[in-house]
Amino acid sequence: MQLRKTIPAIAFGMVSLATPLATASAGIAATASEAASADSSQVEDATLTDDNGKPTGALSAKAVSPAEKVFSTGKITGEHFSSIGLSWKKESAVDGGLTAETRIQRDGVWGSWRDIPLELDEGVAREAKRGGAPAFYTDDADGVEVRFTSPQERLPQDLRLSFIDPAQSPTAAVSDRQARSTQAGQPEVKLRKDWGANENLADPGYKTQSSIKAALVHHTVTGNNSYTQDQVPLIINGIYVHHITNLGYGDFPYHFIVDRFGGIWEGRKGSVEMRPGTAIPGILGGHAAGFNTNTFGVAMLGNFEPNNSEGGENTGPDPKPTEAMTNSLADLLAWKSGQYQLAPEGSTQLVSAGGGGANPHPVGTVLDVPVISSHRDVNVTTCPGGKLYETLPALREKVAERLG
């Protein structure tokens with residue numbers, strides 16, 4: 001099982017995650033080394049606010065104007081981690097003016113401040129037990145500082161900062177093993193074992209549904225648009241661990257992930273095998289609040305909203321998906337469209353399951369949407385980012401061409 005340690009407080013200024021309990025000035029409940037010894041798939045939490053949204057000793061506050069405050073964790077250093085995650089009580093309202101930023105330390109050197117989008121890509125799905133932001137990939141980090149700016153001086157209830165270091169076999173993760181084609185048109189898909197999934201974390205069995213009528217395209221907003229090919233498995237694994245351990249999902253939110261090199265990866269269990277007329281006619285995902293039924297979700301690894309702060313390549317005003325990425329996405333959608341007899345340039349109807357949050361459509365609302373749609377077509381969100389969204393008309397044409 002995934003070990004979960006809660007750190008009730010972190011001292012201001014420079015603090016080490018590895019500080020023993022007996023000497024921690026702010027009462028660190030468990031050290032990262034203790035967590036690692038119990039389970040190599042590690043998540044460790046710092047509790048930043050209480051059940052009423054009031055800051056704990058883990059946050060210091062500074063007024064920047066009469067109507068605005070900044071809350072900071074201070075510099076936290078110690079054990080290594082590869083992603084961080086923010087989560088909060090599911091029923092807690094996130095103030096519209098609240099922003100979050102982080103800076104990361106690697107090998108003792110602090111980087112620049114970068115935004116943490118507080119809009120979870122999936123909205124608050126019914127499957128989730130907690131609200132939260134997407135997992136934020138930090139590479140091999142040994143320190144972090146997070147700060148929140150709030151015009152209303154309001155923070156989410158039971159706000160937690162999680163340090164994620166998934167267990168992963170590098171050999172398995174970078175393997176060239178792929179799902180073998182079982183019918184014409186199937187592209188190469190790397191399986192869950194190839195990104196190092198700990199299957200003990202996910203709910204047992206398959207979450208099936210009867211049919212698929214549409215594909216919804218997403219982006220992951222995981223903190224890095226210039227990741228290397230070797231980093232891809234760890235980023236995917238971080239998404240998996242964050243959603244299950246911190247947010248309470250039963251499995252990976254998306255059915256598939258496509259990286260910037262054109263790699264296609266299996267996300268939710270059973271997504272490769274699902275096919276009409278079989279024991280797995282469809283897999284129910286957790287990617288679009290109120291619209292998971294009759295859809296499957298494909299997430300592009302990166303942030304494609306203009307003027308994001310991901311840093312590195314492919315950022316600023318024009319963060320376009322790569323040609324390899326869009327070609328592989330077209331291959332994947334053509335394969336599944338062929339299986340489910342979907343018309344890629346056509347439209348279909350989806351029925352809202354309600355749920356509120358990112359889904360403004362009451363239960364039973366019928367939406368007419370393109371067969372190949374995106375998250376923003378059904379929920380209130382910027383996902384999949386403006387620069388990816390504008391490629392969807394050309395994507396539909398590519399898929400239709402592949403189907404002949």
# chains A, B, ... in the order shown; residues from 1 in each chain; ligands from 1

call {"tool": "select_by_dssp", "arguments": {"residues": "segment 35-82 of chain A", "states": "strand (DSSP E or B)", "output": "list of chain:residue names"}}
result
A:Gln42, A:Val43, A:Glu44, A:Asp45, A:Ala46, A:Thr47, A:Thr49, A:Pro55, A:Ser60, A:Ala61, A:Lys62, A:Ala63, A:Val64, A:Ser65, A:Glu68, A:Lys69, A:Val70, A:Phe71, A:Ser72, A:Ile76, A:Thr77, A:Gly78, A:Glu79, A:His80, A:Phe81, A:Ser82

call {"tool": "closest_atom_pairs", "arguments": {"of": "segment 189-248 of chain A", "to": "segment 140-146 of chain A", "cutoff": "12 Å", "atoms": "only C-alpha atoms", "output": "JSON lines"}}
result
{"residue": "A:Gln231", "atom": "CA", "partner": "A:Asp140", "partner_atom": "CA", "distance": 10.0}
{"residue": "A:Leu234", "atom": "CA", "partner": "A:Asp140", "partner_atom": "CA", "distance": 10.2}
{"residue": "A:Ile235", "atom": "CA", "partner": "A:Asp140", "partner_atom": "CA", "distance": 11.1}

call {"tool": "write_last_selection", "arguments": {"atoms": "N, CA and C atoms", "output": "PDB file, in the first residue's frame"}}
result
ATOM      1  N   GLN A 231      12.213  11.135 -18.845  1.00  0.00           N
ATOM      2  CA  GLN A 231      11.431  11.644 -17.717  1.00  0.00           C
ATOM      3  C   GLN A 231       9.948  11.321 -17.833  1.00  0.00           C
ATOM      4  N   LEU A 234       8.198   8.871 -15.262  1.00  0.00           N
ATOM      5  CA  LEU A 234       8.119   9.396 -13.902  1.00  0.00           C
ATOM      6  C   LEU A 234       7.037  10.467 -13.784  1.00  0.00           C
ATOM      7  N   ILE A 235       6.876  11.286 -14.821  1.00  0.00           N
ATOM      8  CA  ILE A 235       5.812  12.293 -14.805  1.00  0.00           C
ATOM      9  C   ILE A 235       4.447  11.609 -14.773  1.00  0.00           C
TER      10      ILE A 235
END

call {"tool": "residues_around", "arguments": {"residues": "segment 276-293 of chain A", "least_positions_apart": "4", "cutoff": "9 Å", "atoms": "only C-alpha atoms", "output": "PDB file with C-alpha atoms, in the first residue's frame"}}
result
ATOM      1  CA  ASP A 121      -7.936  19.357 -15.169  1.00  0.00           C
ATOM      2  CA  GLU A 122     -10.712  16.882 -14.450  1.00  0.00           C
ATOM      3  CA  GLY A 123     -12.772  19.296 -12.381  1.00  0.00           C
ATOM      4  CA  VAL A 124     -13.891  17.741  -9.111  1.00  0.00           C
ATOM      5  CA  ALA A 125     -14.901  14.354 -10.434  1.00  0.00           C
ATOM      6  CA  ARG A 126     -17.369  12.281  -8.443  1.00  0.00           C
ATOM      7  CA  GLU A 127     -14.678   9.680  -8.065  1.00  0.00           C
ATOM      8  CA  ALA A 128     -12.419  12.128  -6.201  1.00  0.00           C
ATOM      9  CA  TYR A 206     -12.111  -2.780 -14.219  1.00  0.00           C
ATOM     10  CA  LYS A 207     -14.454   0.219 -14.138  1.00  0.00           C
ATOM     11  CA  THR A 208     -16.533  -0.696 -17.177  1.00  0.00           C
ATOM     12  CA  GLN A 209     -19.179   1.169 -19.142  1.00  0.00           C
ATOM     13  CA  SER A 210     -21.392   0.003 -21.976  1.00  0.00           C
ATOM     14  CA  SER A 211     -20.315   2.220 -24.866  1.00  0.00           C
ATOM     15  CA  ILE A 212     -18.142   5.094 -26.120  1.00  0.00           C
ATOM     16  CA  LYS A 213     -19.610   7.996 -28.109  1.00  0.00           C
ATOM     17  CA  LEU A 216     -12.287  14.300 -24.941  1.00  0.00           C
ATOM     18  CA  HIS A 218      -6.998  17.245 -22.307  1.00  0.00           C
ATOM     19  CA  TYR A 249      -9.312   8.475  -7.193  1.00  0.00           C
ATOM     20  CA  GLY A 250      -9.596   4.755  -7.808  1.00  0.00           C
ATOM     21  CA  ASP A 251      -7.190   4.784 -10.761  1.00  0.00           C
ATOM     22  CA  PHE A 252      -5.510   6.994 -13.354  1.00  0.00           C
ATOM     23  CA  PRO A 253      -7.918   9.754 -14.507  1.00  0.00           C
ATOM     24  CA  TYR A 254      -7.308   9.529 -18.283  1.00  0.00           C
ATOM     25  CA  HIS A 255      -7.543   6.531 -20.574  1.00  0.00           C
ATOM     26  CA  ARG A 268      -6.554   3.859 -16.805  1.00  0.00           C
ATOM     27  CA  LYS A 269      -6.511   0.097 -16.492  1.00  0.00           C
ATOM     28  CA  GLY A 270      -8.283  -1.712 -19.331  1.00  0.00           C
ATOM     29  CA  SER A 271      -8.164   1.173 -21.807  1.00  0.00           C
ATOM     30  CA  GLY A 297     -10.112  10.888 -22.242  1.00  0.00           C
ATOM     31  CA  VAL A 298      -6.726  11.428 -23.866  1.00  0.00           C
ATOM     32  CA  GLN A 339     -13.445   0.196 -32.965  1.00  0.00           C
ATOM     33  CA  TYR A 340     -16.494   2.177 -31.848  1.00  0.00           C
ATOM     34  CA  LEU A 350     -23.798  13.509 -24.229  1.00  0.00           C
ATOM     35  CA  VAL A 351     -25.964  13.610 -21.107  1.00  0.00           C
ATOM     36  CA  SER A 352     -24.727  15.419 -18.012  1.00  0.00           C
ATOM     37  CA  ALA A 353     -24.504  13.497 -14.753  1.00  0.00           C
ATOM     38  CA  GLY A 354     -24.420  16.801 -12.865  1.00  0.00           C
ATOM     39  CA  GLY A 355     -22.112  17.178  -9.898  1.00  0.00           C
ATOM     40  CA  GLY A 356     -21.501  20.930  -9.917  1.00  0.00           C
ATOM     41  CA  GLY A 357     -17.996  22.343  -9.678  1.00  0.00           C
ATOM     42  CA  ALA A 358     -16.476  22.541 -13.138  1.00  0.00           C
ATOM     43  CA  ASN A 359     -19.676  21.121 -14.633  1.00  0.00           C
ATOM     44  CA  HIS A 361     -24.838  21.520 -16.636  1.00  0.00           C
ATOM     45  CA  PRO A 362     -27.584  20.093 -14.364  1.00  0.00           C
ATOM     46  CA  VAL A 363     -28.316  16.380 -14.317  1.00  0.00           C
ATOM     47  CA  HIS A 375     -12.550  19.139 -21.812  1.00  0.00           C
ATOM     48  CA  VAL A 378     -18.252  20.062 -21.518  1.00  0.00           C
ATOM     49  CA  ASN A 379     -16.787  21.791 -18.415  1.00  0.00           C
TER      50      ASN A 379
END

call {"tool": "residues_around", "arguments": {"residues": "Lys320 of chain A", "least_positions_apart": "4", "cutoff": "12 Å", "atoms": "only C-alpha atoms", "output": "PDB file with C-alpha atoms, in the first residue's frame"}}
result
ATOM      1  CA  HIS A 219      -3.606  18.583 -21.270  1.00  0.00           C
ATOM      2  CA  ASN A 225       6.918  21.392 -21.412  1.00  0.00           C
ATOM      3  CA  SER A 226      10.568  20.557 -22.100  1.00  0.00           C
ATOM      4  CA  ARG A 260       5.763  15.334 -26.962  1.00  0.00           C
ATOM      5  CA  MET A 300      -1.422  15.502 -23.913  1.00  0.00           C
ATOM      6  CA  LEU A 301       1.568  15.712 -21.588  1.00  0.00           C
ATOM      7  CA  GLY A 302       2.264  19.422 -21.098  1.00  0.00           C
ATOM      8  CA  ASN A 303       0.631  22.837 -20.801  1.00  0.00           C
ATOM      9  CA  PHE A 304      -0.749  24.366 -23.995  1.00  0.00           C
ATOM     10  CA  GLU A 305      -2.352  27.486 -22.575  1.00  0.00           C
ATOM     11  CA  PRO A 306      -0.647  30.633 -23.957  1.00  0.00           C
ATOM     12  CA  ASN A 307       1.685  32.528 -21.629  1.00  0.00           C
ATOM     13  CA  ASN A 308       2.019  29.714 -19.126  1.00  0.00           C
ATOM     14  CA  GLU A 313      11.088  25.027 -24.615  1.00  0.00           C
ATOM     15  CA  ASN A 314       7.638  25.524 -26.101  1.00  0.00           C
ATOM     16  CA  THR A 315       6.336  28.113 -23.638  1.00  0.00           C
ATOM     17  CA  GLY A 316       5.371  31.774 -23.701  1.00  0.00           C
ATOM     18  CA  ALA A 324       4.924  13.966 -33.334  1.00  0.00           C
ATOM     19  CA  MET A 325       2.379  14.486 -30.568  1.00  0.00           C
ATOM     20  CA  THR A 326      -0.516  15.451 -32.851  1.00  0.00           C
ATOM     21  CA  PRO A 384      -6.728  21.537 -23.132  1.00  0.00           C
ATOM     22  CA  GLY A 385      -5.109  24.955 -23.490  1.00  0.00           C
ATOM     23  CA  GLY A 386      -5.797  27.453 -26.249  1.00  0.00           C
ATOM     24  CA  LYS A 387      -2.978  26.344 -28.546  1.00  0.00           C
ATOM     25  CA  LEU A 388      -4.022  22.699 -28.434  1.00  0.00           C
ATOM     26  CA  TYR A 389      -7.702  23.518 -28.732  1.00  0.00           C
ATOM     27  CA  GLU A 390      -7.166  25.431 -31.974  1.00  0.00           C
ATOM     28  CA  THR A 391      -5.653  22.294 -33.569  1.00  0.00           C
TER      29      THR A 391
END

call {"tool": "select_by_dssp", "arguments": {"residues": "segment 139-286 of chain A", "states": "helix (DSSP H, G or I)", "output": "ChimeraX atom specification"}}
result
/A:170-173,192-195,229-246

call {"tool": "residues_around", "arguments": {"residues": "Arg402 of chain A", "least_positions_apart": "3", "cutoff": "9 Å", "atoms": "only C-alpha atoms", "output": "PyMOL selection string"}}
result
chain A and resi 185+330-331+334-335+397-399

call {"tool": "residues_around", "arguments": {"residues": "Pro117 of chain A", "least_positions_apart": "5", "cutoff": "10 Å", "atoms": "only C-alpha atoms", "output": "PyMOL selection string"}}
result
chain A and resi 86+99-101+132-136+221-223+308-309

call {"tool": "closest_residue", "arguments": {"among": "A:Ile264, A:Leu247, A:Ala46, A:Val258", "to": "Pro321 of chain A", "atoms": "only C-alpha atoms"}}
result
A:Val258

call {"tool": "closest_residue", "arguments": {"among": "A:Gly97, A:Pro360, A:Pro166, A:Gly74", "to": "Arg147 of chain A", "atoms": "only C-alpha atoms"}}
result
A:Gly74

call {"tool": "atom_distance", "arguments": {"atom1": "atom CA of Leu333 of chain A", "atom2": "atom CA of Thr382 of chain A"}}
result
21.6 Å

call {"tool": "closest_residue", "arguments": {"among": "A:Leu118, A:Leu161, A:Ile76, A:Leu329", "to": "Leu98 of chain A", "atoms": "only C-alpha atoms"}}
result
A:Leu118

call {"tool": "atom_distance", "arguments": {"atom1": "atom CA of His243 of chain A", "atom2": "atom CA of Gly96 of chain A"}}
result
22.7 Å

call {"tool": "closest_residue", "arguments": {"among": "A:Asp50, A:Asp259, A:Asp230, A:Asp203", "to": "Ile244 of chain A", "atoms": "only C-alpha atoms"}}
result
A:Asp203

call {"tool": "closest_residue", "arguments": {"among": "A:Ile164, A:Ala61, A:Val109, A:Val241", "to": "Ala202 of chain A", "atoms": "only C-alpha atoms"}}
result
A:Val241

call {"tool": "residues_around", "arguments": {"residues": "Glu153 of chain A", "least_positions_apart": "5", "cutoff": "12 Å", "atoms": "only C-alpha atoms", "output": "list in words"}}
result
Gly53, Lys54, Pro55, Ala61, Lys62, Ala63, Val64, Ser65, Pro66, Ala67, Glu68, Lys69, Val70, Phe71, Val94, Asp95, Gly96, Gly97, Leu98, Thr99 and Phe148 of chain A
